[in-house]
>>> print(open('upload_36.pdb').read())   # PDB, N, CA and C atoms
ATOM      1  N   MET A   1     111.067 124.489   0.178
ATOM      2  CA  MET A   1     111.445 125.238   1.347
ATOM      3  C   MET A   1     112.046 124.279   2.364
ATOM      4  N   THR A   2     113.226 124.600   2.885
ATOM      5  CA  THR A   2     113.883 123.727   3.848
ATOM      6  C   THR A   2     113.895 124.392   5.209
ATOM      7  N   THR A   3     113.841 123.582   6.216
ATOM      8  CA  THR A   3     113.915 124.104   7.586
ATOM      9  C   THR A   3     115.111 123.481   8.273
ATOM     10  N   THR A   4     115.643 124.183   9.209
ATOM     11  CA  THR A   4     116.763 123.651   9.984
ATOM     12  C   THR A   4     116.391 123.665  11.440
ATOM     13  N   ASP A   5     116.935 122.734  12.162
ATOM     14  CA  ASP A   5     116.690 122.659  13.599
ATOM     15  C   ASP A   5     117.704 123.465  14.391
ATOM     16  N   ALA A   6     118.653 124.025  13.711
ATOM     17  CA  ALA A   6     119.695 124.774  14.414
ATOM     18  C   ALA A   6     119.102 126.040  15.011
ATOM     19  N   THR A   7     119.464 126.314  16.237
ATOM     20  CA  THR A   7     119.007 127.551  16.866
ATOM     21  C   THR A   7     119.894 128.686  16.401
ATOM     22  N   PRO A   8     119.311 129.841  16.207
ATOM     23  CA  PRO A   8     120.124 130.964  15.739
ATOM     24  C   PRO A   8     121.144 131.354  16.814
ATOM     25  N   SER A   9     122.294 131.789  16.372
ATOM     26  CA  SER A   9     123.306 132.224  17.332
ATOM     27  C   SER A   9     122.856 133.557  17.923
ATOM     28  N   PRO A  10     123.192 133.794  19.192
ATOM     29  CA  PRO A  10     122.767 135.036  19.822
ATOM     30  C   PRO A  10     123.419 136.238  19.153
ATOM     31  N   ALA A  11     122.703 137.327  19.214
ATOM     32  CA  ALA A  11     123.227 138.561  18.641
ATOM     33  C   ALA A  11     124.450 138.992  19.432
ATOM     34  N   PRO A  12     125.410 139.618  18.782
ATOM     35  CA  PRO A  12     126.589 140.072  19.513
ATOM     36  C   PRO A  12     126.185 141.093  20.577
ATOM     37  N   VAL A  13     126.833 140.979  21.713
ATOM     38  CA  VAL A  13     126.542 141.894  22.811
ATOM     39  C   VAL A  13     127.322 143.178  22.580
ATOM     40  N   PRO A  14     126.604 144.311  22.547
ATOM     41  CA  PRO A  14     127.326 145.567  22.342
ATOM     42  C   PRO A  14     128.152 145.907  23.571
ATOM     43  N   GLU A  15     129.280 146.512  23.342
ATOM     44  CA  GLU A  15     130.112 146.938  24.465
ATOM     45  C   GLU A  15     129.536 148.231  25.009
ATOM     46  N   GLU A  16     128.795 148.082  26.116
ATOM     47  CA  GLU A  16     128.105 149.232  26.694
ATOM     48  C   GLU A  16     129.055 150.140  27.444
ATOM     49  N   HIS A  17     130.009 149.542  28.132
ATOM     50  CA  HIS A  17     130.893 150.327  28.984
ATOM     51  C   HIS A  17     132.327 150.182  28.496
ATOM     52  N   GLU A  18     132.824 151.225  27.940
ATOM     53  CA  GLU A  18     134.195 151.209  27.464
ATOM     54  C   GLU A  18     135.163 151.378  28.629
ATOM     55  N   HIS A  19     134.758 152.065  29.689
ATOM     56  CA  HIS A  19     135.651 152.280  30.828
ATOM     57  C   HIS A  19     135.407 151.209  31.888
ATOM     58  N   HIS A  20     136.377 151.083  32.772
ATOM     59  CA  HIS A  20     136.258 150.121  33.861
ATOM     60  C   HIS A  20     135.605 150.789  35.059
ATOM     61  N   HIS A  21     134.943 149.968  35.860
ATOM     62  CA  HIS A  21     134.332 150.486  37.078
ATOM     63  C   HIS A  21     135.425 150.860  38.070
ATOM     64  N   GLY A  22     135.108 151.772  38.969
ATOM     65  CA  GLY A  22     136.088 152.284  39.922
ATOM     66  C   GLY A  22     136.711 151.236  40.809
ATOM     67  N   TYR A  23     135.984 150.184  41.124
ATOM     68  CA  TYR A  23     136.501 149.175  42.038
ATOM     69  C   TYR A  23     137.451 148.194  41.378
ATOM     70  N   ILE A  24     137.609 148.256  40.068
ATOM     71  CA  ILE A  24     138.353 147.228  39.339
ATOM     72  C   ILE A  24     139.791 147.101  39.827
ATOM     73  N   SER A  25     140.408 148.190  40.227
ATOM     74  CA  SER A  25     141.801 148.110  40.687
ATOM     75  C   SER A  25     141.896 147.414  42.045
ATOM     76  N   ASP A  26     140.791 147.378  42.801
ATOM     77  CA  ASP A  26     140.757 146.718  44.102
ATOM     78  C   ASP A  26     139.900 145.456  44.077
ATOM     79  N   LYS A  27     139.654 144.934  42.893
ATOM     80  CA  LYS A  27     138.750 143.794  42.748
ATOM     81  C   LYS A  27     139.160 142.618  43.629
ATOM     82  N   SER A  28     140.429 142.274  43.634
ATOM     83  CA  SER A  28     140.867 141.120  44.432
ATOM     84  C   SER A  28     140.659 141.377  45.920
ATOM     85  N   ARG A  29     140.846 142.607  46.346
ATOM     86  CA  ARG A  29     140.610 142.948  47.764
ATOM     87  C   ARG A  29     139.129 142.819  48.099
ATOM     88  N   TYR A  30     138.265 143.288  47.217
ATOM     89  CA  TYR A  30     136.820 143.158  47.453
ATOM     90  C   TYR A  30     136.396 141.693  47.464
ATOM     91  N   LEU A  31     136.937 140.923  46.542
ATOM     92  CA  LEU A  31     136.590 139.500  46.509
ATOM     93  C   LEU A  31     137.044 138.794  47.782
ATOM     94  N   ALA A  32     138.208 139.147  48.285
ATOM     95  CA  ALA A  32     138.698 138.545  49.535
ATOM     96  C   ALA A  32     137.800 138.935  50.711
ATOM     97  N   ARG A  33     137.393 140.194  50.752
ATOM     98  CA  ARG A  33     136.508 140.644  51.829
ATOM     99  C   ARG A  33     135.154 139.945  51.750
ATOM    100  N   LEU A  34     134.642 139.790  50.534
ATOM    101  CA  LEU A  34     133.356 139.114  50.370
ATOM    102  C   LEU A  34     133.453 137.632  50.715
ATOM    103  N   LYS A  35     134.600 137.031  50.467
ATOM    104  CA  LYS A  35     134.800 135.632  50.850
ATOM    105  C   LYS A  35     134.746 135.510  52.380
ATOM    106  N   ARG A  36     135.337 136.477  53.072
ATOM    107  CA  ARG A  36     135.262 136.473  54.544
ATOM    108  C   ARG A  36     133.820 136.653  55.012
ATOM    109  N   VAL A  37     133.078 137.515  54.338
ATOM    110  CA  VAL A  37     131.664 137.728  54.678
ATOM    111  C   VAL A  37     130.895 136.421  54.498
ATOM    112  N   GLU A  38     131.172 135.720  53.395
ATOM    113  CA  GLU A  38     130.523 134.421  53.172
ATOM    114  C   GLU A  38     130.830 133.463  54.316
ATOM    115  N   GLY A  39     132.070 133.446  54.748
ATOM    116  CA  GLY A  39     132.459 132.580  55.857
ATOM    117  C   GLY A  39     131.730 132.949  57.139
ATOM    118  N   GLN A  40     131.583 134.254  57.372
ATOM    119  CA  GLN A  40     130.849 134.701  58.560
ATOM    120  C   GLN A  40     129.390 134.265  58.486
ATOM    121  N   ALA A  41     128.786 134.366  57.305
ATOM    122  CA  ALA A  41     127.386 133.968  57.145
ATOM    123  C   ALA A  41     127.231 132.461  57.381
ATOM    124  N   ARG A  42     128.165 131.678  56.857
ATOM    125  CA  ARG A  42     128.116 130.236  57.106
ATOM    126  C   ARG A  42     128.283 129.939  58.592
ATOM    127  N   GLY A  43     129.159 130.712  59.246
ATOM    128  CA  GLY A  43     129.356 130.552  60.684
ATOM    129  C   GLY A  43     128.088 130.842  61.466
ATOM    130  N   LEU A  44     127.355 131.862  61.055
ATOM    131  CA  LEU A  44     126.077 132.182  61.701
ATOM    132  C   LEU A  44     125.086 131.039  61.536
ATOM    133  N   HIS A  45     125.033 130.505  60.339
ATOM    134  CA  HIS A  45     124.142 129.386  60.071
ATOM    135  C   HIS A  45     124.479 128.223  61.001
ATOM    136  N   ARG A  46     125.778 127.943  61.113
ATOM    137  CA  ARG A  46     126.229 126.844  61.973
ATOM    138  C   ARG A  46     125.882 127.122  63.441
ATOM    139  N   MET A  47     126.051 128.383  63.868
ATOM    140  CA  MET A  47     125.748 128.743  65.257
ATOM    141  C   MET A  47     124.276 128.497  65.578
ATOM    142  N   VAL A  48     123.397 128.879  64.667
ATOM    143  CA  VAL A  48     121.961 128.658  64.893
ATOM    144  C   VAL A  48     121.669 127.162  64.878
ATOM    145  N   ASP A  49     122.249 126.450  63.913
ATOM    146  CA  ASP A  49     122.034 125.011  63.824
ATOM    147  C   ASP A  49     122.488 124.311  65.107
ATOM    148  N   GLU A  50     123.583 124.787  65.684
ATOM    149  CA  GLU A  50     124.114 124.186  66.910
ATOM    150  C   GLU A  50     123.514 124.788  68.175
ATOM    151  N   GLU A  51     122.537 125.685  67.983
ATOM    152  CA  GLU A  51     121.794 126.297  69.093
ATOM    153  C   GLU A  51     122.709 127.013  70.084
ATOM    154  N   LYS A  52     123.611 127.828  69.546
ATOM    155  CA  LYS A  52     124.514 128.617  70.383
ATOM    156  C   LYS A  52     123.737 129.717  71.110
ATOM    157  N   TYR A  53     124.378 130.323  72.068
ATOM    158  CA  TYR A  53     123.772 131.359  72.900
ATOM    159  C   TYR A  53     123.355 132.564  72.050
ATOM    160  N   CYS A  54     122.171 133.077  72.320
ATOM    161  CA  CYS A  54     121.576 134.171  71.532
ATOM    162  C   CYS A  54     122.508 135.375  71.396
ATOM    163  N   ILE A  55     123.094 135.785  72.490
ATOM    164  CA  ILE A  55     123.945 136.975  72.469
ATOM    165  C   ILE A  55     125.171 136.746  71.594
ATOM    166  N   ASP A  56     125.713 135.548  71.595
ATOM    167  CA  ASP A  56     126.859 135.234  70.736
ATOM    168  C   ASP A  56     126.470 135.337  69.265
ATOM    169  N   ILE A  57     125.280 134.872  68.931
ATOM    170  CA  ILE A  57     124.797 134.960  67.547
ATOM    171  C   ILE A  57     124.580 136.419  67.164
ATOM    172  N   LEU A  58     123.972 137.176  68.049
ATOM    173  CA  LEU A  58     123.750 138.602  67.772
ATOM    174  C   LEU A  58     125.068 139.346  67.596
ATOM    175  N   THR A  59     126.078 138.970  68.369
ATOM    176  CA  THR A  59     127.398 139.593  68.231
ATOM    177  C   THR A  59     127.975 139.305  66.854
ATOM    178  N   GLN A  60     127.824 138.082  66.386
ATOM    179  CA  GLN A  60     128.322 137.722  65.063
ATOM    180  C   GLN A  60     127.528 138.403  63.947
ATOM    181  N   ILE A  61     126.230 138.580  64.160
ATOM    182  CA  ILE A  61     125.417 139.314  63.173
ATOM    183  C   ILE A  61     125.911 140.742  63.070
ATOM    184  N   SER A  62     126.223 141.349  64.198
ATOM    185  CA  SER A  62     126.752 142.709  64.192
ATOM    186  C   SER A  62     128.073 142.783  63.424
ATOM    187  N   ALA A  63     128.934 141.782  63.634
ATOM    188  CA  ALA A  63     130.216 141.753  62.929
ATOM    189  C   ALA A  63     130.003 141.588  61.425
ATOM    190  N   LEU A  64     129.046 140.744  61.044
ATOM    191  CA  LEU A  64     128.740 140.525  59.626
ATOM    192  C   LEU A  64     128.211 141.807  58.985
ATOM    193  N   LYS A  65     127.302 142.481  59.678
ATOM    194  CA  LYS A  65     126.766 143.746  59.154
ATOM    195  C   LYS A  65     127.877 144.774  58.989
ATOM    196  N   SER A  66     128.776 144.815  59.951
ATOM    197  CA  SER A  66     129.891 145.756  59.879
ATOM    198  C   SER A  66     130.799 145.441  58.690
ATOM    199  N   ALA A  67     131.047 144.159  58.464
ATOM    200  CA  ALA A  67     131.884 143.758  57.330
ATOM    201  C   ALA A  67     131.225 144.144  56.007
ATOM    202  N   LEU A  68     129.935 143.919  55.889
ATOM    203  CA  LEU A  68     129.214 144.305  54.668
ATOM    204  C   LEU A  68     129.198 145.818  54.489
ATOM    205  N   ASP A  69     129.021 146.542  55.593
ATOM    206  CA  ASP A  69     129.061 148.000  55.515
ATOM    207  C   ASP A  69     130.417 148.487  55.015
ATOM    208  N   GLY A  70     131.481 147.813  55.451
ATOM    209  CA  GLY A  70     132.821 148.184  54.983
ATOM    210  C   GLY A  70     132.966 147.991  53.485
ATOM    211  N   VAL A  71     132.457 146.900  52.978
ATOM    212  CA  VAL A  71     132.493 146.658  51.533
ATOM    213  C   VAL A  71     131.661 147.720  50.811
ATOM    214  N   ALA A  72     130.470 147.980  51.331
ATOM    215  CA  ALA A  72     129.584 148.963  50.698
ATOM    216  C   ALA A  72     130.219 150.351  50.681
ATOM    217  N   MET A  73     130.824 150.757  51.775
ATOM    218  CA  MET A  73     131.429 152.090  51.827
ATOM    219  C   MET A  73     132.623 152.184  50.878
ATOM    220  N   GLY A  74     133.393 151.113  50.773
ATOM    221  CA  GLY A  74     134.505 151.114  49.829
ATOM    222  C   GLY A  74     134.028 151.231  48.397
ATOM    223  N   LEU A  75     132.991 150.456  48.058
ATOM    224  CA  LEU A  75     132.439 150.528  46.703
ATOM    225  C   LEU A  75     131.834 151.897  46.420
ATOM    226  N   LEU A  76     131.163 152.457  47.406
ATOM    227  CA  LEU A  76     130.576 153.786  47.226
ATOM    228  C   LEU A  76     131.672 154.823  46.994
ATOM    229  N   ASP A  77     132.728 154.749  47.781
ATOM    230  CA  ASP A  77     133.831 155.689  47.609
ATOM    231  C   ASP A  77     134.463 155.538  46.227
ATOM    232  N   ASP A  78     134.693 154.291  45.808
ATOM    233  CA  ASP A  78     135.248 154.062  44.475
ATOM    234  C   ASP A  78     134.315 154.604  43.397
ATOM    235  N   HIS A  79     133.006 154.401  43.579
ATOM    236  CA  HIS A  79     132.040 154.898  42.601
ATOM    237  C   HIS A  79     132.109 156.420  42.511
ATOM    238  N   LEU A  80     132.161 157.078  43.660
ATOM    239  CA  LEU A  80     132.231 158.539  43.663
ATOM    240  C   LEU A  80     133.534 159.035  43.048
ATOM    241  N   GLN A  81     134.648 158.384  43.397
ATOM    242  CA  GLN A  81     135.960 158.815  42.918
ATOM    243  C   GLN A  81     136.190 158.567  41.434
ATOM    244  N   HIS A  82     135.486 157.597  40.886
ATOM    245  CA  HIS A  82     135.725 157.245  39.489
ATOM    246  C   HIS A  82     134.513 157.561  38.608
ATOM    247  N   CYS A  83     133.443 156.810  38.786
ATOM    248  CA  CYS A  83     132.287 156.928  37.897
ATOM    249  C   CYS A  83     131.639 158.308  37.970
ATOM    250  N   VAL A  84     131.370 158.777  39.188
ATOM    251  CA  VAL A  84     130.698 160.070  39.343
ATOM    252  C   VAL A  84     131.628 161.205  38.932
ATOM    253  N   LEU A  85     132.881 161.139  39.376
ATOM    254  CA  LEU A  85     133.828 162.193  39.033
ATOM    255  C   LEU A  85     134.052 162.275  37.524
ATOM    256  N   ASP A  86     134.209 161.117  36.871
ATOM    257  CA  ASP A  86     134.367 161.114  35.413
ATOM    258  C   ASP A  86     133.150 161.715  34.721
ATOM    259  N   ALA A  87     131.961 161.340  35.178
ATOM    260  CA  ALA A  87     130.734 161.873  34.574
ATOM    261  C   ALA A  87     130.614 163.376  34.818
ATOM    262  N   ALA A  88     131.002 163.822  36.016
ATOM    263  CA  ALA A  88     130.930 165.251  36.325
ATOM    264  C   ALA A  88     131.881 166.044  35.424
ATOM    265  N   ARG A  89     133.025 165.478  35.154
ATOM    266  CA  ARG A  89     133.979 166.156  34.258
ATOM    267  C   ARG A  89     133.415 166.272  32.847
ATOM    268  N   THR A  90     132.688 165.240  32.421
ATOM    269  CA  THR A  90     132.092 165.238  31.089
ATOM    270  C   THR A  90     130.883 166.159  31.038
ATOM    271  N   GLY A  91     130.103 166.155  32.119
ATOM    272  CA  GLY A  91     128.919 167.005  32.201
ATOM    273  C   GLY A  91     127.721 166.392  31.504
ATOM    274  N   GLY A  92     126.667 167.151  31.402
ATOM    275  CA  GLY A  92     125.475 166.711  30.687
ATOM    276  C   GLY A  92     124.597 165.772  31.491
ATOM    277  N   ASP A  93     123.736 165.070  30.758
ATOM    278  CA  ASP A  93     122.760 164.172  31.372
ATOM    279  C   ASP A  93     123.418 163.031  32.135
ATOM    280  N   ASP A  94     124.549 162.542  31.634
ATOM    281  CA  ASP A  94     125.242 161.441  32.298
ATOM    282  C   ASP A  94     125.691 161.854  33.701
ATOM    283  N   ALA A  95     126.169 163.078  33.842
ATOM    284  CA  ALA A  95     126.610 163.571  35.146
ATOM    285  C   ALA A  95     125.440 163.625  36.116
ATOM    286  N   GLU A  96     124.325 164.146  35.661
ATOM    287  CA  GLU A  96     123.138 164.217  36.521
ATOM    288  C   GLU A  96     122.665 162.826  36.913
ATOM    289  N   GLU A  97     122.689 161.899  35.965
ATOM    290  CA  GLU A  97     122.257 160.524  36.239
ATOM    291  C   GLU A  97     123.166 159.856  37.268
ATOM    292  N   LYS A  98     124.480 160.026  37.127
ATOM    293  CA  LYS A  98     125.423 159.423  38.075
ATOM    294  C   LYS A  98     125.242 160.007  39.472
ATOM    295  N   LEU A  99     124.971 161.300  39.566
ATOM    296  CA  LEU A  99     124.732 161.926  40.874
ATOM    297  C   LEU A  99     123.449 161.393  41.505
ATOM    298  N   LYS A 100     122.410 161.230  40.697
ATOM    299  CA  LYS A 100     121.156 160.671  41.213
ATOM    300  C   LYS A 100     121.355 159.243  41.690
ATOM    301  N   GLU A 101     122.093 158.452  40.909
ATOM    302  CA  GLU A 101     122.381 157.068  41.305
ATOM    303  C   GLU A 101     123.123 157.021  42.628
ATOM    304  N   ALA A 102     124.136 157.875  42.768
ATOM    305  CA  ALA A 102     124.928 157.902  44.005
ATOM    306  C   ALA A 102     124.059 158.317  45.187
ATOM    307  N   SER A 103     123.225 159.325  45.001
ATOM    308  CA  SER A 103     122.337 159.767  46.075
ATOM    309  C   SER A 103     121.375 158.663  46.491
ATOM    310  N   ALA A 104     120.825 157.961  45.514
ATOM    311  CA  ALA A 104     119.902 156.862  45.813
ATOM    312  C   ALA A 104     120.623 155.731  46.549
ATOM    313  N   ALA A 105     121.846 155.436  46.134
ATOM    314  CA  ALA A 105     122.620 154.377  46.799
ATOM    315  C   ALA A 105     122.921 154.768  48.243
ATOM    316  N   ILE A 106     123.280 156.014  48.457
ATOM    317  CA  ILE A 106     123.543 156.490  49.834
ATOM    318  C   ILE A 106     122.274 156.385  50.669
ATOM    319  N   ALA A 107     121.147 156.789  50.103
ATOM    320  CA  ALA A 107     119.874 156.705  50.831
ATOM    321  C   ALA A 107     119.555 155.268  51.211
ATOM    322  N   ARG A 108     119.793 154.324  50.296
ATOM    323  CA  ARG A 108     119.548 152.909  50.610
ATOM    324  C   ARG A 108     120.458 152.425  51.722
ATOM    325  N   LEU A 109     121.711 152.841  51.692
ATOM    326  CA  LEU A 109     122.642 152.415  52.738
ATOM    327  C   LEU A 109     122.273 153.006  54.086
ATOM    328  N   VAL A 110     121.818 154.226  54.085
ATOM    329  CA  VAL A 110     121.443 154.880  55.344
ATOM    330  C   VAL A 110     120.190 154.230  55.935
ATOM    331  N   ARG A 111     119.258 153.843  55.085
ATOM    332  CA  ARG A 111     118.013 153.200  55.560
ATOM    333  C   ARG A 111     118.258 151.809  56.137
ATOM    334  N   SER A 112     119.274 151.128  55.622
ATOM    335  CA  SER A 112     119.461 149.741  56.053
ATOM    336  C   SER A 112     120.129 149.612  57.403
TER
END
>>> encode(input="upload_36.pdb", output="structure tokens")
Amino acid sequence: MTTTDATPSPAPVPEEHEHHHGYISDKSRYLARLKRVEGQARGLHRMVDEEKYCIDILTQISALKSALDGVAMGLLDDHLQHCVLDAARTGGDDAEEKLKEASAAIARLVRS
């Protein structure tokens, strides 16, 4: 009986999603917006490190939250226009699941 030290190769990953997500056509726009959000977050960090005025920091936090909300609303709209609408056209359990997911996502956004 022989043994090998070679690790087994990973199993092939099944293609779970044949369709593209709704945001894919605007992916570069979302990435650019998120890059700006990252810059704003770094700016906030720098402001606290440099002990800037409290109100100025709070103003920047508000701007950052607004920028994130804009990204979230765009993604939600894309999800509704593509994923949910496609599932609704197909019907069945997938449609109900997509509607529940969208409702839960909206509830999370409203709570935050």
>>> atom_distance(input="upload_36.pdb", atom1="atom CA of A:Val37", atom2="atom CA of A:Cys54")
20.0 Å
>>> residues_around(input="upload_36.pdb", residues="stretch 21-29 of chain A", least_positions_apart="3", cutoff="9 Å", atoms="only C-alpha atoms", output="PyMOL selection string")
chain A and resi 17+32-34+74-75+77-83
>>> atom_distance(input="upload_36.pdb", atom1="atom C of A:Thr90", atom2="atom CA of A:Val71")
28.3 Å
>>> select_by_dssp(input="upload_36.pdb", residues="chain A", states="alpha helix (DSSP H)", output="ChimeraX atom specification")
/A:27-49,54-79,85-90,92-111
>>> atom_distance(input="upload_36.pdb", atom1="atom CA of A:Asp49", atom2="atom CA of A:Ala72")
28.3 Å
>>> resolve_selection(input="upload_36.pdb", expression="the PyMOL selection byres (((chain A and resi 97-105 and name CA) around 8) and name CA)", output="list in words")
Leu76, His79, Leu80, Cys83, Val84, Ala87, Asp93, Asp94, Ala95, Glu96, Ile106, Ala107, Arg108 and Leu109 of chain A
>>> axis_aligned_box(input="upload_36.pdb", around="stretch 61-69 of chain A", padding_each_side="8 Å", output="AutoDock Vina command-line options")
--center_x 128.7 --center_y 143.5 --center_z 59.3 --size_x 22.5 --size_y 25.9 --size_z 25.7
